[in-house]
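Reproduced below: input-v5.cif, with mmCIF, C-alpha atoms.
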data_start
#
loop_
_atom_site.group_PDB
_atom_site.id
_atom_site.type_symbol
_atom_site.label_atom_id
_atom_site.label_comp_id
_atom_site.auth_asym_id
_atom_site.auth_seq_id
_atom_site.Cartn_x
_atom_site.Cartn_y
_atom_site.Cartn_z
ATOM 1 C CA MET C 26 -38.925 170.223 7.434
ATOM 2 C CA ALA C 27 -35.672 168.540 8.321
ATOM 3 C CA VAL C 28 -32.906 169.970 10.474
ATOM 4 C CA CYS C 29 -29.821 168.532 8.827
ATOM 5 C CA ALA C 30 -28.624 166.862 5.633
ATOM 6 C CA ALA C 31 -25.345 165.155 4.838
ATOM 7 C CA ILE C 32 -23.641 163.466 1.896
ATOM 8 C CA VAL C 33 -21.094 160.757 2.574
ATOM 9 C CA GLY C 34 -18.862 159.339 -0.144
ATOM 10 C CA LYS C 35 -18.057 155.792 -1.266
ATOM 11 C CA ASP C 36 -15.277 155.405 1.258
ATOM 12 C CA ASN C 37 -17.404 156.846 4.117
ATOM 13 C CA SER C 38 -15.654 160.188 4.020
ATOM 14 C CA PRO C 39 -17.905 163.231 4.523
ATOM 15 C CA LYS C 40 -18.496 165.188 1.319
ATOM 16 C CA PHE C 41 -21.080 167.703 2.343
ATOM 17 C CA PHE C 42 -22.824 168.770 5.519
ATOM 18 C CA CYS C 43 -25.538 171.281 6.053
ATOM 19 C CA CYS C 44 -27.408 172.223 9.189
ATOM 20 C CA VAL C 45 -30.320 174.576 9.641
ATOM 21 C CA ASN C 46 -28.866 175.705 12.959
ATOM 22 C CA PRO C 47 -25.062 176.000 12.633
ATOM 23 C CA ASP C 48 -24.498 175.777 16.422
ATOM 24 C CA GLU C 49 -25.652 172.163 16.478
ATOM 25 C CA GLU C 50 -23.462 171.036 13.617
ATOM 26 C CA LEU C 51 -20.989 169.023 15.669
ATOM 27 C CA ALA C 52 -23.684 167.064 17.485
ATOM 28 C CA PHE C 53 -25.382 166.253 14.183
ATOM 29 C CA GLN C 54 -22.131 165.185 12.565
ATOM 30 C CA PHE C 55 -21.737 162.651 15.323
ATOM 31 C CA LYS C 56 -25.266 161.331 14.818
ATOM 32 C CA VAL C 57 -24.910 161.149 11.068
ATOM 33 C CA LEU C 58 -21.583 159.350 11.134
ATOM 34 C CA SER C 59 -22.787 156.849 13.712
ATOM 35 C CA SER C 60 -25.680 155.938 11.424
ATOM 36 C CA LEU C 61 -23.237 154.755 8.759
ATOM 37 C CA ASP C 62 -22.925 151.388 10.476
ATOM 38 C CA ILE C 63 -26.635 150.812 10.045
ATOM 39 C CA ILE C 64 -26.434 151.687 6.373
ATOM 40 C CA GLU C 65 -23.570 149.224 5.981
ATOM 41 C CA GLU C 66 -25.652 146.556 7.630
ATOM 42 C CA LYS C 67 -28.646 147.251 5.402
ATOM 43 C CA LEU C 68 -26.508 147.029 2.276
ATOM 44 C CA ASN C 69 -24.743 143.835 3.288
ATOM 45 C CA PRO C 70 -25.567 141.233 0.595
ATOM 46 C CA THR C 71 -25.518 138.384 3.117
ATOM 47 C CA ASN C 72 -28.349 140.037 5.023
ATOM 48 C CA LYS C 73 -31.222 138.277 3.265
ATOM 49 C CA SER C 74 -34.236 140.360 4.233
ATOM 50 C CA ALA C 75 -32.504 143.648 3.508
ATOM 51 C CA SER C 76 -31.026 142.726 0.142
ATOM 52 C CA ASP C 77 -34.477 141.872 -1.237
ATOM 53 C CA ASN C 78 -35.371 145.510 -0.955
ATOM 54 C CA ARG C 79 -33.724 147.132 -3.958
ATOM 55 C CA GLU C 80 -35.011 150.633 -3.522
ATOM 56 C CA LEU C 81 -32.403 153.365 -3.126
ATOM 57 C CA TYR C 82 -34.326 154.844 -0.197
ATOM 58 C CA LEU C 83 -33.501 152.882 2.951
ATOM 59 C CA GLY C 84 -36.170 154.326 5.236
ATOM 60 C CA GLN C 85 -35.648 155.287 8.829
ATOM 61 C CA LEU C 86 -32.248 154.170 10.082
ATOM 62 C CA TYR C 87 -32.861 154.812 13.755
ATOM 63 C CA SER C 88 -34.432 157.281 16.106
ATOM 64 C CA LEU C 89 -33.100 159.047 19.165
ATOM 65 C CA GLU C 90 -34.939 161.032 21.801
ATOM 66 C CA THR C 91 -34.473 164.229 19.891
ATOM 67 C CA CYS C 92 -34.346 163.195 16.262
ATOM 68 C CA LYS C 93 -35.000 160.601 13.580
ATOM 69 C CA ILE C 94 -32.422 159.685 10.964
ATOM 70 C CA TYR C 95 -33.228 158.597 7.407
ATOM 71 C CA GLY C 96 -30.887 157.175 4.807
ATOM 72 C CA TYR C 97 -30.601 156.810 1.017
ATOM 73 C CA VAL C 98 -27.787 155.177 -0.943
ATOM 74 C CA THR C 99 -27.256 155.645 -4.666
ATOM 75 C CA ASN C 100 -26.128 152.946 -7.072
ATOM 76 C CA THR C 101 -22.707 154.524 -6.947
ATOM 77 C CA LYS C 102 -22.553 154.036 -3.150
ATOM 78 C CA ILE C 103 -22.944 157.684 -2.257
ATOM 79 C CA LYS C 104 -24.899 157.989 0.985
ATOM 80 C CA PHE C 105 -27.429 160.705 1.680
ATOM 81 C CA ILE C 106 -28.606 161.212 5.249
ATOM 82 C CA ILE C 107 -31.384 163.446 6.525
ATOM 83 C CA VAL C 108 -32.039 164.212 10.204
ATOM 84 C CA VAL C 109 -35.539 165.190 11.282
ATOM 85 C CA ASP C 110 -36.571 166.577 14.645
ATOM 86 C CA SER C 111 -38.684 163.967 16.449
ATOM 87 C CA THR C 112 -41.220 166.537 17.571
ATOM 88 C CA ASN C 113 -42.023 167.028 13.902
ATOM 89 C CA MET C 114 -44.878 164.605 13.255
ATOM 90 C CA ALA C 115 -46.145 166.281 10.096
ATOM 91 C CA LEU C 116 -43.410 164.940 7.844
ATOM 92 C CA ARG C 117 -44.461 161.737 6.104
ATOM 93 C CA ASP C 118 -42.338 158.966 4.676
ATOM 94 C CA ASN C 119 -43.246 159.989 1.137
ATOM 95 C CA GLU C 120 -42.099 163.534 1.695
ATOM 96 C CA ILE C 121 -38.763 162.328 3.017
ATOM 97 C CA ARG C 122 -38.436 160.113 -0.039
ATOM 98 C CA SER C 123 -39.089 162.987 -2.406
ATOM 99 C CA MET C 124 -36.598 165.118 -0.461
ATOM 100 C CA PHE C 125 -33.962 162.453 -1.076
ATOM 101 C CA ARG C 126 -34.844 162.260 -4.754
ATOM 102 C CA ARG C 127 -34.444 165.988 -5.152
ATOM 103 C CA MET C 128 -31.166 165.848 -3.270
ATOM 104 C CA HIS C 129 -30.017 163.101 -5.618
ATOM 105 C CA SER C 130 -30.935 165.233 -8.648
ATOM 106 C CA GLU C 131 -28.941 168.110 -7.228
ATOM 107 C CA TYR C 132 -26.023 165.782 -6.618
ATOM 108 C CA ALA C 133 -26.175 164.371 -10.160
ATOM 109 C CA ASP C 134 -26.085 167.921 -11.516
ATOM 110 C CA MET C 135 -23.139 168.665 -9.257
ATOM 111 C CA VAL C 136 -21.183 165.647 -10.491
ATOM 112 C CA SER C 137 -21.839 166.684 -14.098
ATOM 113 C CA ASN C 138 -20.197 170.031 -13.421
ATOM 114 C CA PRO C 139 -16.741 169.870 -15.036
ATOM 115 C CA PHE C 140 -15.265 172.066 -12.299
ATOM 116 C CA TYR C 141 -16.188 169.576 -9.615
ATOM 117 C CA ILE C 142 -13.780 166.690 -9.196
ATOM 118 C CA PRO C 143 -15.676 163.532 -8.160
ATOM 119 C CA GLY C 144 -14.674 162.336 -4.708
ATOM 120 C CA GLU C 145 -13.779 165.743 -3.315
ATOM 121 C CA ALA C 146 -15.795 167.652 -0.728
ATOM 122 C CA ILE C 147 -18.529 169.833 -2.212
ATOM 123 C CA THR C 148 -17.930 173.517 -1.573
ATOM 124 C CA SER C 149 -20.322 175.082 -4.070
ATOM 125 C CA LYS C 150 -22.431 177.821 -2.467
ATOM 126 C CA MET C 151 -25.221 177.272 -4.938
ATOM 127 C CA PHE C 152 -25.375 173.586 -4.053
ATOM 128 C CA ASP C 153 -25.481 174.469 -0.378
ATOM 129 C CA ALA C 154 -28.344 176.913 -0.938
ATOM 130 C CA ASN C 155 -30.287 174.392 -3.013
ATOM 131 C CA ILE C 156 -29.943 171.629 -0.440
ATOM 132 C CA LYS C 157 -30.963 174.010 2.325
ATOM 133 C CA SER C 158 -34.105 174.976 0.481
ATOM 134 C CA ILE C 159 -34.908 171.299 -0.143
ATOM 135 C CA ILE C 160 -34.648 170.304 3.507
ATOM 136 C CA THR C 161 -36.458 173.358 4.839
ATOM 137 C CA GLY C 162 -39.189 172.822 2.276
ATOM 138 C CA THR C 163 -39.027 176.252 0.713
ATOM 139 C CA VAL C 164 -39.077 175.017 -2.869
ATOM 140 C CA MET N 16 -30.190 167.021 -34.582
ATOM 141 C CA GLU N 17 -28.514 166.363 -31.243
ATOM 142 C CA ASP N 18 -27.352 162.962 -32.503
ATOM 143 C CA THR N 19 -25.377 164.604 -35.270
ATOM 144 C CA LEU N 20 -23.864 167.046 -32.820
ATOM 145 C CA LEU N 21 -22.535 164.243 -30.622
ATOM 146 C CA ASP N 22 -21.002 162.541 -33.664
ATOM 147 C CA LEU N 23 -19.315 165.760 -34.731
ATOM 148 C CA LEU N 24 -18.113 166.581 -31.231
ATOM 149 C CA HIS N 25 -16.734 163.072 -30.877
ATOM 150 C CA SER N 26 -14.709 163.265 -34.067
ATOM 151 C CA GLU N 27 -13.454 166.716 -33.094
ATOM 152 C CA ILE N 28 -12.314 165.368 -29.705
ATOM 153 C CA ILE N 29 -10.398 162.665 -31.544
ATOM 154 C CA ASN N 30 -8.749 165.196 -33.844
ATOM 155 C CA TYR N 31 -7.916 167.445 -30.929
ATOM 156 C CA THR N 32 -6.314 164.807 -28.726
ATOM 157 C CA LEU N 33 -4.334 163.274 -31.582
ATOM 158 C CA GLN N 34 -3.079 166.689 -32.706
ATOM 159 C CA ASN N 35 -1.630 167.397 -29.277
ATOM 160 C CA GLY N 36 0.149 164.060 -29.139
ATOM 161 C CA ASP N 37 3.784 163.606 -30.062
ATOM 162 C CA GLU N 38 4.273 163.788 -33.812
ATOM 163 C CA LYS N 39 7.344 161.593 -33.816
ATOM 164 C CA ASP N 40 6.000 158.140 -33.045
ATOM 165 C CA LYS N 41 3.418 157.989 -35.782
ATOM 166 C CA LYS N 42 3.191 154.230 -35.765
ATOM 167 C CA GLU N 43 1.736 153.830 -32.299
ATOM 168 C CA GLU N 44 -0.963 156.410 -31.727
ATOM 169 C CA ASP N 45 -1.407 157.553 -28.167
ATOM 170 C CA LEU N 46 -5.053 157.003 -27.330
ATOM 171 C CA SER N 47 -4.728 157.175 -23.552
ATOM 172 C CA GLY N 48 -5.810 160.831 -23.482
ATOM 173 C CA LEU N 49 -8.940 159.966 -25.392
ATOM 174 C CA GLU N 50 -9.573 157.037 -23.113
ATOM 175 C CA TYR N 51 -9.218 159.270 -20.076
ATOM 176 C CA ILE N 52 -11.740 161.809 -21.405
ATOM 177 C CA GLY N 53 -14.106 158.876 -21.818
ATOM 178 C CA PHE N 54 -13.349 157.663 -18.302
ATOM 179 C CA SER N 55 -14.297 160.915 -16.630
ATOM 180 C CA THR N 56 -17.364 161.262 -18.858
ATOM 181 C CA GLY N 57 -18.540 157.788 -17.907
ATOM 182 C CA TYR N 58 -17.775 158.339 -14.245
ATOM 183 C CA ARG N 59 -20.010 161.412 -14.186
ATOM 184 C CA ILE N 60 -22.811 160.395 -16.507
ATOM 185 C CA ILE N 61 -23.543 157.155 -14.662
ATOM 186 C CA GLU N 62 -24.680 159.120 -11.627
ATOM 187 C CA ARG N 63 -27.452 160.627 -13.703
ATOM 188 C CA LEU N 64 -28.381 157.474 -15.598
ATOM 189 C CA THR N 65 -28.740 155.264 -12.523
ATOM 190 C CA LYS N 66 -30.823 157.816 -10.642
ATOM 191 C CA GLU N 67 -34.145 156.142 -11.319
ATOM 192 C CA MET N 68 -32.822 152.594 -11.264
ATOM 193 C CA PRO N 69 -33.322 150.153 -8.407
ATOM 194 C CA ARG N 70 -30.172 148.870 -6.767
ATOM 195 C CA PHE N 71 -28.253 146.336 -8.873
ATOM 196 C CA LYS N 72 -28.290 142.770 -7.623
ATOM 197 C CA ASP N 73 -24.905 141.692 -8.864
ATOM 198 C CA GLU N 74 -22.275 142.195 -11.517
ATOM 199 C CA LEU N 75 -24.315 140.583 -14.295
ATOM 200 C CA ASP N 76 -27.251 142.813 -13.467
ATOM 201 C CA THR N 77 -24.969 145.823 -13.837
ATOM 202 C CA MET N 78 -23.688 144.567 -17.199
ATOM 203 C CA LYS N 79 -27.245 144.123 -18.432
ATOM 204 C CA PHE N 80 -27.918 147.718 -17.484
ATOM 205 C CA ILE N 81 -24.862 148.801 -19.508
ATOM 206 C CA CYS N 82 -26.092 146.802 -22.516
ATOM 207 C CA THR N 83 -29.639 148.133 -22.461
ATOM 208 C CA ASP N 84 -30.417 151.432 -20.731
ATOM 209 C CA PHE N 85 -26.903 152.827 -20.810
ATOM 210 C CA TRP N 86 -26.259 151.970 -24.466
ATOM 211 C CA LEU N 87 -29.686 153.289 -25.387
ATOM 212 C CA ALA N 88 -28.989 156.600 -23.678
ATOM 213 C CA VAL N 89 -25.589 157.118 -25.289
ATOM 214 C CA TYR N 90 -25.813 155.302 -28.631
ATOM 215 C CA LYS N 91 -29.591 155.181 -29.252
ATOM 216 C CA LYS N 92 -29.597 151.408 -29.587
ATOM 217 C CA GLN N 93 -29.019 148.342 -27.482
ATOM 218 C CA ILE N 94 -26.037 146.011 -27.503
ATOM 219 C CA ASP N 95 -26.749 143.155 -29.896
ATOM 220 C CA ASN N 96 -25.052 140.407 -27.972
ATOM 221 C CA LEU N 97 -23.710 139.987 -24.455
ATOM 222 C CA ARG N 98 -21.603 136.973 -23.589
ATOM 223 C CA THR N 99 -19.869 136.066 -20.364
ATOM 224 C CA ASN N 100 -17.880 133.186 -18.934
ATOM 225 C CA HIS N 101 -19.288 133.962 -15.451
ATOM 226 C CA GLN N 102 -15.738 134.486 -14.222
ATOM 227 C CA GLY N 103 -15.423 138.169 -14.810
ATOM 228 C CA VAL N 104 -15.068 138.338 -18.587
ATOM 229 C CA TYR N 105 -17.858 139.976 -20.586
ATOM 230 C CA VAL N 106 -18.025 140.481 -24.330
ATOM 231 C CA LEU N 107 -20.396 143.127 -25.639
ATOM 232 C CA GLN N 108 -21.038 143.000 -29.352
ATOM 233 C CA ASP N 109 -22.546 145.898 -31.269
ATOM 234 C CA ASN N 110 -23.231 145.054 -34.922
ATOM 235 C CA ALA N 111 -23.590 148.672 -35.991
ATOM 236 C CA PHE N 112 -21.565 150.743 -33.576
ATOM 237 C CA ARG N 113 -22.613 154.363 -33.836
ATOM 238 C CA PHE N 114 -19.180 155.969 -34.089
ATOM 239 C CA LEU N 115 -18.126 153.499 -36.775
ATOM 240 C CA SER N 116 -21.337 153.548 -38.772
ATOM 241 C CA ARG N 117 -20.280 156.723 -40.626
ATOM 242 C CA LEU N 118 -17.110 155.102 -41.978
ATOM 243 C CA SER N 119 -17.257 153.158 -45.204
ATOM 244 C CA SER N 120 -17.453 149.477 -44.428
ATOM 245 C CA GLY N 121 -14.526 148.208 -46.471
ATOM 246 C CA LYS N 122 -11.014 147.389 -45.350
ATOM 247 C CA GLN N 123 -9.813 150.907 -46.167
ATOM 248 C CA TYR N 124 -10.407 152.560 -42.792
ATOM 249 C CA LEU N 125 -9.908 149.531 -40.582
ATOM 250 C CA GLU N 126 -6.638 150.838 -39.193
ATOM 251 C CA ALA N 127 -8.297 154.120 -38.182
ATOM 252 C CA ALA N 128 -10.942 152.270 -36.177
ATOM 253 C CA PRO N 129 -9.090 152.138 -32.807
ATOM 254 C CA ARG N 130 -9.287 155.881 -32.411
ATOM 255 C CA TYR N 131 -13.080 155.779 -32.815
ATOM 256 C CA VAL N 132 -13.588 153.202 -30.084
ATOM 257 C CA ALA N 133 -11.055 154.431 -27.488
ATOM 258 C CA PHE N 134 -13.462 157.019 -26.083
ATOM 259 C CA THR N 135 -16.173 154.406 -25.607
ATOM 260 C CA CYS N 136 -13.761 152.023 -23.872
ATOM 261 C CA GLY N 137 -13.114 154.832 -21.421
ATOM 262 C CA VAL N 138 -16.807 155.550 -20.936
ATOM 263 C CA ILE N 139 -17.503 151.906 -20.075
ATOM 264 C CA ARG N 140 -14.528 151.710 -17.725
ATOM 265 C CA GLY N 141 -15.496 154.962 -15.977
ATOM 266 C CA SER N 142 -19.119 153.962 -15.530
ATOM 267 C CA LEU N 143 -18.220 150.602 -14.077
ATOM 268 C CA ALA N 144 -15.564 152.153 -11.844
ATOM 269 C CA ASN N 145 -18.176 154.419 -10.297
ATOM 270 C CA LEU N 146 -20.432 151.395 -9.785
ATOM 271 C CA SER N 147 -17.476 149.877 -7.898
ATOM 272 C CA ILE N 148 -16.438 147.367 -10.552
ATOM 273 C CA GLN N 149 -12.787 147.817 -11.446
ATOM 274 C CA CYS N 150 -12.091 146.483 -14.912
ATOM 275 C CA LEU N 151 -10.051 146.557 -18.088
ATOM 276 C CA VAL N 152 -11.907 147.376 -21.285
ATOM 277 C CA THR N 153 -10.517 146.641 -24.726
ATOM 278 C CA ALA N 154 -12.201 146.867 -28.092
ATOM 279 C CA GLU N 155 -11.894 144.633 -31.105
ATOM 280 C CA VAL N 156 -12.929 145.664 -34.607
ATOM 281 C CA GLN N 157 -12.792 142.922 -37.206
ATOM 282 C CA SER N 158 -15.009 144.429 -39.829
ATOM 283 C CA LEU N 159 -16.666 147.827 -39.868
ATOM 284 C CA PRO N 160 -19.109 148.859 -38.492
ATOM 285 C CA SER N 161 -19.370 146.061 -35.925
ATOM 286 C CA CYS N 162 -17.366 146.200 -32.739
ATOM 287 C CA LYS N 163 -16.724 143.969 -29.731
ATOM 288 C CA PHE N 164 -15.910 145.313 -26.291
ATOM 289 C CA HIS N 165 -14.089 142.967 -23.947
ATOM 290 C CA ILE N 166 -14.570 143.770 -20.283
ATOM 291 C CA GLN N 167 -12.272 142.036 -17.859
ATOM 292 C CA VAL N 168 -13.226 142.556 -14.237
ATOM 293 C CA GLN N 169 -10.332 142.882 -11.804
ATOM 294 C CA ARG N 170 -10.951 140.798 -8.729
ATOM 295 C CA MET N 171 -9.344 141.946 -5.525
#
Show me this structure written as structure tokens.
Amino acid sequence: MAVCAAIVGKDNSPKFFCCVNPDEELAFQFKVLSSLDIIEEKLNPTNKSASDNRELYLGQLYSLETCKIYGYVTNTKIKFIIVVDSTNMALRDNEIRSMFRRMHSEYADMVSNPFYIPGEAITSKMFDANIKSIITGTV
Amino acid sequence: MEDTLLDLLHSEIINYTLQNGDEKDKKEEDLSGLEYIGFSTGYRIIERLTKEMPRFKDELDTMKFICTDFWLAVYKKQIDNLRTNHQGVYVLQDNAFRFLSRLSSGKQYLEAAPRYVAFTCGVIRGSLANLSIQCLVTAEVQSLPSCKFHIQVQRM
């Protein structure tokens, strides 16, 4: 069970943000946006060791005292970020990966919706509910 | 069944967009609307098609994806020939392009061919744009039903 999920667009502008506890949203936004530098570094083609790994899932980006941050970047340079509480030891790498994959499926469905204009912030309530149930593990 | 539906929908889209265009300048048909429908289709569909793909190494890798998996998903076949000068120009040749394969293969309908390839030009341009490759796509039809797509990548 994760505490926060975010989608960041091609140009590093936030597209979607969802937090299990709404009071902590600002603190998480800060953490998520500061992890973008690490994603950039991992995607840099001159960085030899990183560019060999061609999986969309980037693994753990970094960990703080209170939380761990994981990243995933699609072929279209859309970044997905999930924040997990560090006291939560039960969550395995594979589960995080499948969370990202489900998030990506949701996102692909969202983009295929003719009423959604690609590049704009996502405001769909249904999308929000689906992402919430993915990160809290209720599906 | 679904293949036929796409063919029919495609020709209806062509009829629809050309109907709405200005009737006066008959000589030069306005295909930009058609191209734009293709662009937004390509821009959206690529998100779904690249979902299970590993990250692309470079531009050529992306083009190979367009020629194989992408073409297979949309046109049920692969591109027959891909050529490049390694400087940003790619030529994709399809010897039996799906949207042209229903037209009789003489000279008779050659001048109607541009309207059947404009949508696809847009789809290619939209897909590549979402994969962060800005390009110009033009099509060339010398004899039905084969078609060549020229992709010219815009370098910043």
*Would you please work out which residue, of C:Asp110, C:Asp134, C:Glu120, C:Asp62, is nearest to chain N when using all atoms listed in the file?*
C:Asp134
Which residues of chain N sit at most 7 Å from chain C, using all atoms listed in the file? Give each one's shortest atom pair and distance in Å (one decimal place), in chain and ascending residue order, as a Markdown table.
| residue | atom | partner | partner_atom | distance |
| --- | --- | --- | --- | --- |
| N:Arg59 | CA | C:Ser137 | CA | 5.6 |
| N:Ile60 | CA | C:Ser137 | CA | 6.8 |
| N:Glu62 | CA | C:Ala133 | CA | 5.7 |
| N:Arg63 | CA | C:Ala133 | CA | 5.3 |
| N:Thr65 | CA | C:Asn100 | CA | 6.5 |
| N:Pro69 | CA | C:Glu80 | CA | 5.2 |
| N:Arg70 | CA | C:Arg79 | CA | 4.9 |
| N:Asn145 | CA | C:Thr101 | CA | 5.6 |
| N:Leu146 | CA | C:Thr101 | CA | 4.8 |
*Quick one: residues within 7 Å of range 111-118 of chain N, all atoms listed in the file counted, chain neighbours fewer than 4 positions away excluded, as number ranges by chain?*
N: 22, 90, 131, 159-162
*Using all atoms listed in the file, find the one residue out of C:Cys43, C:Ile156, C:Cys29, C:Ala115 that sits nearest to Ile94 in chain C.*
C:Cys29
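Coordinates place CA of Val106 in chain N at a distance of 24.1 Å from CA of Asp45 in chain N.
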_Length of the CA of Val108 in chain C to CA of Lys93 in chain C vector [Å]_ =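 The value is 5.8 Å.
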